[in-house]
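Novice: Supplied structure: query-v3.txt, compact mmCIF, C-alpha atoms and all ligand atoms.
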# COMPACT_ATOMS: atom_id res chain seq x y z
CA MET A 1 111.35 78.02 98.60
CA GLY A 2 111.94 81.77 98.19
CA ASP A 3 109.43 84.12 96.54
CA TYR A 4 111.68 84.70 93.57
CA GLN A 5 111.64 81.03 92.68
CA ARG A 6 107.89 81.17 92.10
CA MET A 7 108.24 84.20 89.83
CA LYS A 8 109.69 82.31 86.85
CA ILE A 9 112.89 84.30 86.74
CA PRO A 10 114.86 84.10 83.46
CA LYS A 11 117.67 81.59 83.68
CA PRO A 12 120.68 84.00 83.48
CA LEU A 13 119.25 86.06 86.33
CA GLN A 14 118.44 82.98 88.40
CA ASN A 15 121.96 81.76 87.78
CA LEU A 16 123.38 85.01 89.19
CA ILE A 17 121.03 84.84 92.19
CA ASP A 18 122.23 81.30 92.93
CA HIS A 19 125.87 82.39 92.82
CA LEU A 20 125.27 85.37 95.08
CA GLU A 21 123.34 83.21 97.52
CA SER A 22 126.28 80.84 97.80
CA LEU A 23 128.40 83.66 99.31
CA PRO A 24 128.87 83.74 103.09
CA GLY A 25 126.43 86.05 104.84
CA ILE A 26 124.13 86.42 101.82
CA GLY A 27 120.62 85.01 102.22
CA PRO A 28 118.03 84.43 99.45
CA LYS A 29 116.41 87.88 99.83
CA THR A 30 119.70 89.75 99.67
CA ALA A 31 120.88 87.66 96.72
CA GLN A 32 117.69 88.50 94.87
CA ARG A 33 117.96 92.21 95.65
CA LEU A 34 121.63 92.36 94.62
CA ALA A 35 120.95 90.53 91.35
CA PHE A 36 118.12 92.89 90.41
CA ASN A 37 120.33 95.87 91.26
CA LEU A 38 123.16 94.54 89.11
CA LEU A 39 120.72 94.28 86.17
CA PHE A 40 120.69 98.05 85.94
CA PHE A 41 124.42 98.62 86.26
CA PRO A 42 126.16 100.02 83.15
CA GLU A 43 127.78 97.26 81.09
CA ASP A 44 131.30 98.64 81.71
CA ASN A 45 130.85 98.40 85.47
CA ILE A 46 129.67 94.82 85.15
CA LYS A 47 132.66 93.95 82.97
CA ASN A 48 135.08 95.47 85.49
CA PHE A 49 133.33 93.66 88.32
CA ALA A 50 133.62 90.33 86.49
CA LYS A 51 137.28 91.08 85.73
CA ALA A 52 138.00 91.87 89.40
CA LEU A 53 136.39 88.57 90.39
CA LEU A 54 138.50 86.63 87.90
CA GLU A 55 141.71 88.39 88.87
CA ILE A 56 141.58 87.20 92.47
CA LYS A 57 142.14 83.78 90.94
CA THR A 58 144.48 84.60 88.06
CA LYS A 59 146.67 87.35 89.56
CA LEU A 60 147.01 86.36 93.21
CA SER A 61 149.01 83.61 94.83
CA LEU A 62 150.52 82.83 98.23
CA CYS A 63 153.81 84.42 99.26
CA GLU A 64 156.60 81.82 99.05
CA THR A 65 157.86 82.87 102.48
CA CYS A 66 154.88 83.72 104.68
CA LYS A 67 151.87 82.32 102.70
CA ASN A 68 150.12 85.67 102.80
CA ILE A 69 148.11 86.61 99.70
CA THR A 70 150.26 88.47 97.18
CA ASP A 71 150.51 89.49 93.53
CA SER A 72 154.24 88.69 93.39
CA SER A 73 156.27 85.66 94.49
CA ILE A 74 157.38 87.34 97.74
CA CYS A 75 154.85 89.66 99.41
CA SER A 76 155.46 93.35 100.14
CA ILE A 77 155.75 92.66 103.90
CA CYS A 78 158.41 89.94 103.52
CA SER A 79 160.41 92.20 101.22
CA ASP A 80 160.11 95.20 103.56
CA GLU A 81 163.59 95.92 104.97
CA SER A 82 162.20 98.09 107.75
CA LYS A 83 160.40 95.07 109.27
CA ASN A 84 161.97 92.97 112.04
CA HIS A 85 162.41 89.62 110.29
CA SER A 86 163.38 87.80 113.50
CA LEU A 87 159.93 88.54 114.94
CA ILE A 88 157.24 86.38 113.35
CA ALA A 89 153.54 86.51 114.22
CA VAL A 90 151.85 83.21 113.40
CA VAL A 91 148.23 83.88 112.37
CA SER A 92 145.45 81.72 111.01
CA SER A 93 144.16 84.00 108.25
CA PRO A 94 145.34 86.77 105.87
CA LEU A 95 142.68 89.00 107.49
CA ASP A 96 144.66 88.77 110.75
CA VAL A 97 147.67 90.22 108.90
CA VAL A 98 145.53 93.18 107.86
CA ALA A 99 144.46 93.69 111.50
CA LEU A 100 148.01 93.41 112.91
CA GLN A 101 149.40 95.72 110.22
CA LYS A 102 146.83 98.33 111.31
CA ALA A 103 147.99 97.82 114.91
CA ASP A 104 151.50 98.75 113.68
CA PHE A 105 153.13 95.38 114.35
CA LYS A 106 156.87 95.67 113.63
CA GLY A 107 157.58 92.07 112.72
CA VAL A 108 156.64 89.78 109.84
CA TYR A 109 154.01 87.04 109.58
CA HIS A 110 153.35 83.40 108.91
CA VAL A 111 149.82 82.65 107.69
CA LEU A 112 148.58 79.15 108.54
CA HIS A 113 145.35 79.35 106.51
CA GLY A 114 143.31 77.64 109.17
CA VAL A 115 143.70 76.04 112.57
CA ILE A 116 143.97 72.47 113.75
CA ASP A 117 140.35 71.40 114.09
CA PRO A 118 139.99 67.61 114.25
CA LEU A 119 136.19 67.74 114.57
CA ASN A 120 136.00 69.39 111.16
CA GLY A 121 138.72 67.23 109.66
CA TYR A 122 141.64 69.69 109.81
CA GLY A 123 144.89 68.19 111.04
CA PRO A 124 148.36 69.79 111.38
CA GLU A 125 149.24 68.70 107.82
CA ASP A 126 146.30 70.65 106.38
CA ILE A 127 147.67 74.06 107.35
CA PHE A 128 151.08 75.67 106.71
CA ILE A 129 152.89 74.43 109.83
CA LYS A 130 155.78 72.53 108.25
CA GLU A 131 156.39 75.52 105.96
CA LEU A 132 156.95 77.61 109.11
CA ILE A 133 159.39 75.04 110.51
CA PHE A 134 161.34 74.88 107.21
CA ARG A 135 161.31 78.67 106.96
CA ILE A 136 162.96 79.00 110.36
CA GLN A 137 165.37 76.09 109.80
CA ASP A 138 166.54 77.47 106.45
CA SER A 139 166.80 81.08 107.63
CA THR A 140 170.10 82.94 107.98
CA ILE A 141 168.68 84.42 111.20
CA ASP A 142 169.60 82.48 114.38
CA ASN A 143 167.52 84.22 117.06
CA PHE A 144 163.76 84.33 116.67
CA GLU A 145 160.76 85.38 118.63
CA ILE A 146 157.66 83.59 117.36
CA ILE A 147 154.41 85.14 118.56
CA MET A 148 151.52 82.70 118.45
CA ALA A 149 148.76 85.05 117.34
CA THR A 150 146.03 82.53 116.62
CA ASN A 151 142.55 83.23 117.98
CA THR A 152 141.83 82.51 121.63
CA SER A 153 139.27 79.84 120.70
CA MET A 154 139.90 76.22 121.74
CA GLU A 155 141.17 75.41 118.23
CA GLY A 156 143.39 78.51 118.22
CA GLU A 157 144.87 77.55 121.59
CA SER A 158 145.58 73.94 120.64
CA THR A 159 147.12 75.06 117.34
CA ALA A 160 149.43 77.43 119.24
CA LEU A 161 150.41 74.64 121.60
CA TYR A 162 151.09 72.18 118.77
CA ILE A 163 153.30 74.66 116.90
CA GLN A 164 155.16 75.60 120.10
CA LYS A 165 156.13 71.93 120.53
CA GLU A 166 157.25 71.67 116.90
CA LEU A 167 159.37 74.82 117.29
CA LYS A 168 161.09 73.35 120.35
CA ASN A 169 162.35 70.48 118.16
CA ILE A 170 164.28 72.80 115.86
CA SER A 171 167.98 72.57 116.66
CA GLY A 172 170.64 75.18 116.03
CA LYS A 173 168.29 78.14 116.50
CA ASN A 174 167.46 80.19 119.53
CA ILE A 175 163.67 80.46 119.52
CA LYS A 176 161.52 82.25 122.06
CA VAL A 177 157.82 81.40 121.69
CA THR A 178 155.27 83.86 123.03
CA ARG A 179 151.49 83.97 123.05
CA ILE A 180 149.40 87.02 122.23
CA ALA A 181 147.01 87.35 125.14
CA ARG A 182 146.14 90.30 127.33
CA GLY A 183 143.11 92.31 126.28
CA LEU A 184 141.75 89.69 123.95
CA PRO A 185 138.55 88.06 125.16
CA VAL A 186 138.56 84.27 125.44
CA GLY A 187 137.24 82.92 122.16
CA GLY A 188 138.06 86.26 120.56
CA ASP A 189 138.91 86.68 116.89
CA ILE A 190 142.13 88.56 116.06
CA GLU A 191 140.47 89.78 112.88
CA PHE A 192 137.74 91.68 114.75
CA ALA A 193 139.84 93.12 117.58
CA ASP A 194 140.33 96.89 117.56
CA ASN A 195 143.81 98.39 117.09
CA ILE A 196 144.30 99.35 120.76
CA THR A 197 143.27 95.91 122.05
CA LEU A 198 145.57 94.28 119.51
CA SER A 199 148.51 96.53 120.41
CA GLN A 200 147.99 95.70 124.09
CA ALA A 201 147.71 92.01 123.31
CA LEU A 202 150.99 92.20 121.39
CA SER A 203 152.90 94.11 124.04
CA GLY A 204 151.41 91.94 126.81
CA ARG A 205 152.47 88.69 125.19
CA SER A 206 154.05 86.08 127.45
CA GLU A 207 156.49 83.28 126.86
CA ILE A 208 154.99 79.78 126.48
ZN ZN A 301 155.34 87.15 102.65
For this file, produce the structure as structure tokens.
Ligand SMILES: [Zn+2]

Specialist:
Amino acid sequence: MGDYQRMKIPKPLQNLIDHLESLPGIGPKTAQRLAFNLLFFPEDNIKNFAKALLEIKTKLSLCETCKNITDSSICSICSDESKNHSLIAVVSSPLDVVALQKADFKGVYHVLHGVIDPLNGYGPEDIFIKELIFRIQDSTIDNFEIIMATNTSMEGESTALYIQKELKNISGKNIKVTRIARGLPVGGDIEFADNITLSQALSGRSEI
């Protein structure tokens, strides 16, 4: 039981503390400190903060093509004509798109929103794999390079392997499947890799 719980905190404040504490990386002490800080924010700031929180639910959705987070039906990357649309990096999270964009990746993306992780109950049908297959099948483009840019963890590797096999079953398209590799430590997260490491990993990709 944290100190604050013994202090008889008014309900609205306790409510806020509980919500903050439910966020990843926020412990009881930090939640308490943040809540007390927020108490002294001007009302307008609080209103804008609450509005921003709500809008991530009401104004954002997933891109119909790549499943990245967007505020329109097709995201700004998928509608970017300067991008190479025959080069698709398959990533597990929207944060990986941010990292690869910073590394100046020239292609487009497909966001899986997870990896295959049977121990935690995630199978191939729980992430956007079939959407990738349909996307390629239905495309007017015939020649693709698909870069498997999932993390180098065991789950990331087995997800890459599973998708590679699915891609091989697509007929009528010429698909080269490559794996992002060099420079990334084993078990490494794409999201946390620096730009240079990511660029090297992209240019050092090998066919699988
Ligand atoms: Zn998109």

Novice: Quick one, how far is atom CA of Thr65 of chain A from atom ZN of ligand ZN 301 (chain A)?

Specialist: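 So the two atoms, atom CA of Thr65 of chain A and atom ZN of ligand ZN 301 (chain A), lie 5.0 Å apart.
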
Novice: Name all residues at most 12 Å from segment 130-132 of chain A (count only C-alpha atoms; drop same-chain ones fewer than 3 positions away) and give them as number ranges by chain.

Specialist: A: 63-67, 88-91, 109-113, 124-127, 135-139, 146, 148, 162-164, 166-167, 170

Novice: Pick from A:Val115, A:Leu202, A:Ile133, A:Leu39: nearest to Ala160 of chain A, with all atoms listed in the file counted?

Specialist: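 Closest to Ala160 of chain A, using all atoms listed in the file: A:Val115.
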
Novice: Could you please determine the separation between atom CA of Glu155 of chain A and atom CA of Ile208 of chain A in Å, to one decimal place?

Specialist: 16.7 Å

Novice: Mind pulling up the distance from atom CA of Thr159 of chain A to atom CA of Ile116 of chain A?

Specialist: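 Going from atom CA of Ile116 of chain A over to atom CA of Thr159 of chain A, I get 5.4 Å.
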
Novice: Pick the closest to ligand ZN 301 (chain A) from A:Pro42, A:Pro94, A:Pro10, A:Pro24: which is it, counting only C-alpha atoms and all ligand atoms?

Specialist: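 Of A:Pro42, A:Pro94, A:Pro10, A:Pro24, the one nearest ligand ZN 301 (chain A), counting only C-alpha atoms and all ligand atoms, is A:Pro94.
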
Novice: Mind checking which residues fall within 7 Å of Ala103 of chain A, counting only C-alpha atoms, ignoring those fewer than 6 positions away in the same chain, and posting them as a compact mmCIF listing (two decimals) with C-alpha atoms, in the frame of the given file?

Specialist:
# COMPACT_ATOMS: atom_id res chain seq x y z
CA ASN A 195 143.81 98.39 117.09
CA LEU A 198 145.57 94.28 119.51
CA SER A 199 148.51 96.53 120.41

Novice: For Cys75 of chain A, which of A:Leu95, A:Ala50, A:Leu38, A:Val108 is the closest residue, counting only C-alpha atoms?

Specialist: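 Looking at the shortest contact to Cys75 of chain A, the residue is A:Val108.
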
Novice: Just checking: using all atoms listed in the file, which residue out of A:Ser76, A:Ser86, A:Thr197, A:Thr140 ends up closest to ligand ZN 301 (chain A)?

Specialist: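 For ligand ZN 301 (chain A), the nearest of the given residues is A:Ser76.
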
Novice: Between A:Ala149, A:Cys78, A:Leu23, A:Leu100, which residue has the minimum interatomic distance to ligand ZN 301 (chain A), considering all atoms listed in the file?

Specialist: A:Cys78

Novice: Using all atoms listed in the file, pick whichever of A:Leu54, A:Ile77, A:Ile9, A:Leu20 has the shortest atom-to-atom distance to ligand ZN 301 (chain A).

Specialist: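 Closest to ligand ZN 301 (chain A) of all the choices is A:Ile77.
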
Novice: For Lys176 of chain A, find every residue with an atom within 9 Å (counting only C-alpha atoms), except residues of its own chain fewer than 6 positions away, and show them as a ChimeraX atom specification.

Specialist: /A:143-147,207-208

Novice: How would the residues just picked look written out with C-alpha atoms as a short mmCIF file (atom, residue, chain, number, x, y, z; two decimals), keeping the file's coordinate frame?

Specialist:
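Resulting contents of out-v4.cif:
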data_model
loop_
_atom_site.label_atom_id
_atom_site.label_comp_id
_atom_site.auth_asym_id
_atom_site.auth_seq_id
_atom_site.Cartn_x
_atom_site.Cartn_y
_atom_site.Cartn_z
CA ASN A 143 167.52 84.22 117.06
CA PHE A 144 163.76 84.33 116.67
CA GLU A 145 160.76 85.38 118.63
CA ILE A 146 157.66 83.59 117.36
CA ILE A 147 154.41 85.14 118.56
CA GLU A 207 156.49 83.28 126.86
CA ILE A 208 154.99 79.78 126.48
#

Novice: From the structure just shown, export segment 138-165 of chain A with N, CA and C atoms as a JSON list (two decimals), in the first residue's frame.

Specialist:
[["chain", "number", "residue", "atom", "x", "y", "z"],
["A", 138, "ASP", "N", -3.96, -7.84, -54.43],
["A", 138, "ASP", "CA", -4.86, -6.91, -55.10],
["A", 138, "ASP", "C", -4.13, -5.74, -55.76],
["A", 139, "SER", "N", -2.82, -5.66, -55.56],
["A", 139, "SER", "CA", -2.07, -4.51, -56.05],
["A", 139, "SER", "C", -1.90, -4.53, -57.58],
["A", 140, "THR", "N", -1.77, -3.34, -58.16],
["A", 140, "THR", "CA", -1.49, -3.25, -59.59],
["A", 140, "THR", "C", 0.01, -3.46, -59.85],
["A", 141, "ILE", "N", 0.79, -3.45, -58.77],
["A", 141, "ILE", "CA", 2.24, -3.67, -58.89],
["A", 141, "ILE", "C", 2.50, -5.18, -58.96],
["A", 142, "ASP", "N", 3.42, -5.61, -59.84],
["A", 142, "ASP", "CA", 3.71, -7.04, -59.99],
["A", 142, "ASP", "C", 4.99, -7.48, -59.29],
["A", 143, "ASN", "N", 5.96, -6.58, -59.20],
["A", 143, "ASN", "CA", 7.25, -6.92, -58.60],
["A", 143, "ASN", "C", 7.42, -6.22, -57.26],
["A", 144, "PHE", "N", 7.60, -7.03, -56.22],
["A", 144, "PHE", "CA", 7.74, -6.47, -54.88],
["A", 144, "PHE", "C", 9.04, -6.90, -54.23],
["A", 145, "GLU", "N", 9.56, -6.03, -53.37],
["A", 145, "GLU", "CA", 10.52, -6.50, -52.38],
["A", 145, "GLU", "C", 9.87, -6.26, -51.03],
["A", 146, "ILE", "N", 9.75, -7.32, -50.24],
["A", 146, "ILE", "CA", 9.16, -7.21, -48.91],
["A", 146, "ILE", "C", 10.29, -7.39, -47.90],
["A", 147, "ILE", "N", 10.55, -6.34, -47.13],
["A", 147, "ILE", "CA", 11.61, -6.41, -46.12],
["A", 147, "ILE", "C", 10.98, -6.78, -44.79],
["A", 148, "MET", "N", 11.35, -7.91, -44.25],
["A", 148, "MET", "CA", 10.84, -8.30, -42.93],
["A", 148, "MET", "C", 11.64, -7.51, -41.89],
["A", 149, "ALA", "N", 11.00, -6.48, -41.34],
["A", 149, "ALA", "CA", 11.69, -5.60, -40.39],
["A", 149, "ALA", "C", 11.10, -5.74, -38.99],
["A", 150, "THR", "N", 10.76, -6.98, -38.64],
["A", 150, "THR", "CA", 10.34, -7.23, -37.26],
["A", 150, "THR", "C", 11.58, -7.32, -36.38],
["A", 151, "ASN", "N", 11.40, -7.19, -35.09],
["A", 151, "ASN", "CA", 12.53, -7.23, -34.16],
["A", 151, "ASN", "C", 13.28, -8.56, -34.26],
["A", 152, "THR", "N", 14.54, -8.54, -33.79],
["A", 152, "THR", "CA", 15.34, -9.76, -33.89],
["A", 152, "THR", "C", 15.15, -10.69, -32.70],
["A", 153, "SER", "N", 14.06, -10.49, -31.97],
["A", 153, "SER", "CA", 13.71, -11.41, -30.87],
["A", 153, "SER", "C", 13.23, -12.73, -31.48],
["A", 154, "MET", "N", 13.04, -13.75, -30.64],
["A", 154, "MET", "CA", 12.57, -15.05, -31.13],
["A", 154, "MET", "C", 11.20, -14.89, -31.81],
["A", 155, "GLU", "N", 10.32, -14.10, -31.19],
["A", 155, "GLU", "CA", 8.97, -13.91, -31.74],
["A", 155, "GLU", "C", 9.05, -13.16, -33.07],
["A", 156, "GLY", "N", 9.96, -12.15, -33.13],
["A", 156, "GLY", "CA", 10.13, -11.38, -34.35],
["A", 156, "GLY", "C", 10.62, -12.25, -35.49],
["A", 157, "GLU", "N", 11.57, -13.14, -35.16],
["A", 157, "GLU", "CA", 12.13, -14.05, -36.16],
["A", 157, "GLU", "C", 11.07, -15.03, -36.67],
["A", 158, "SER", "N", 10.30, -15.62, -35.74],
["A", 158, "SER", "CA", 9.34, -16.62, -36.20],
["A", 158, "SER", "C", 8.19, -15.96, -36.96],
["A", 159, "THR", "N", 7.88, -14.72, -36.62],
["A", 159, "THR", "CA", 6.86, -13.98, -37.37],
["A", 159, "THR", "C", 7.34, -13.73, -38.81],
["A", 160, "ALA", "N", 8.61, -13.33, -38.94],
["A", 160, "ALA", "CA", 9.20, -13.08, -40.26],
["A", 160, "ALA", "C", 9.16, -14.35, -41.11],
["A", 161, "LEU", "N", 9.49, -15.46, -40.47],
["A", 161, "LEU", "CA", 9.52, -16.74, -41.18],
["A", 161, "LEU", "C", 8.12, -17.15, -41.63],
["A", 162, "TYR", "N", 7.16, -16.98, -40.75],
["A", 162, "TYR", "CA", 5.76, -17.33, -41.07],
["A", 162, "TYR", "C", 5.27, -16.51, -42.27],
["A", 163, "ILE", "N", 5.52, -15.21, -42.23],
["A", 163, "ILE", "CA", 5.04, -14.32, -43.31],
["A", 163, "ILE", "C", 5.75, -14.64, -44.62],
["A", 164, "GLN", "N", 7.05, -14.96, -44.53],
["A", 164, "GLN", "CA", 7.81, -15.32, -45.73],
["A", 164, "GLN", "C", 7.15, -16.50, -46.44],
["A", 165, "LYS", "N", 6.73, -17.51, -45.64],
["A", 165, "LYS", "CA", 6.08, -18.69, -46.23],
["A", 165, "LYS", "C", 4.75, -18.32, -46.87]]
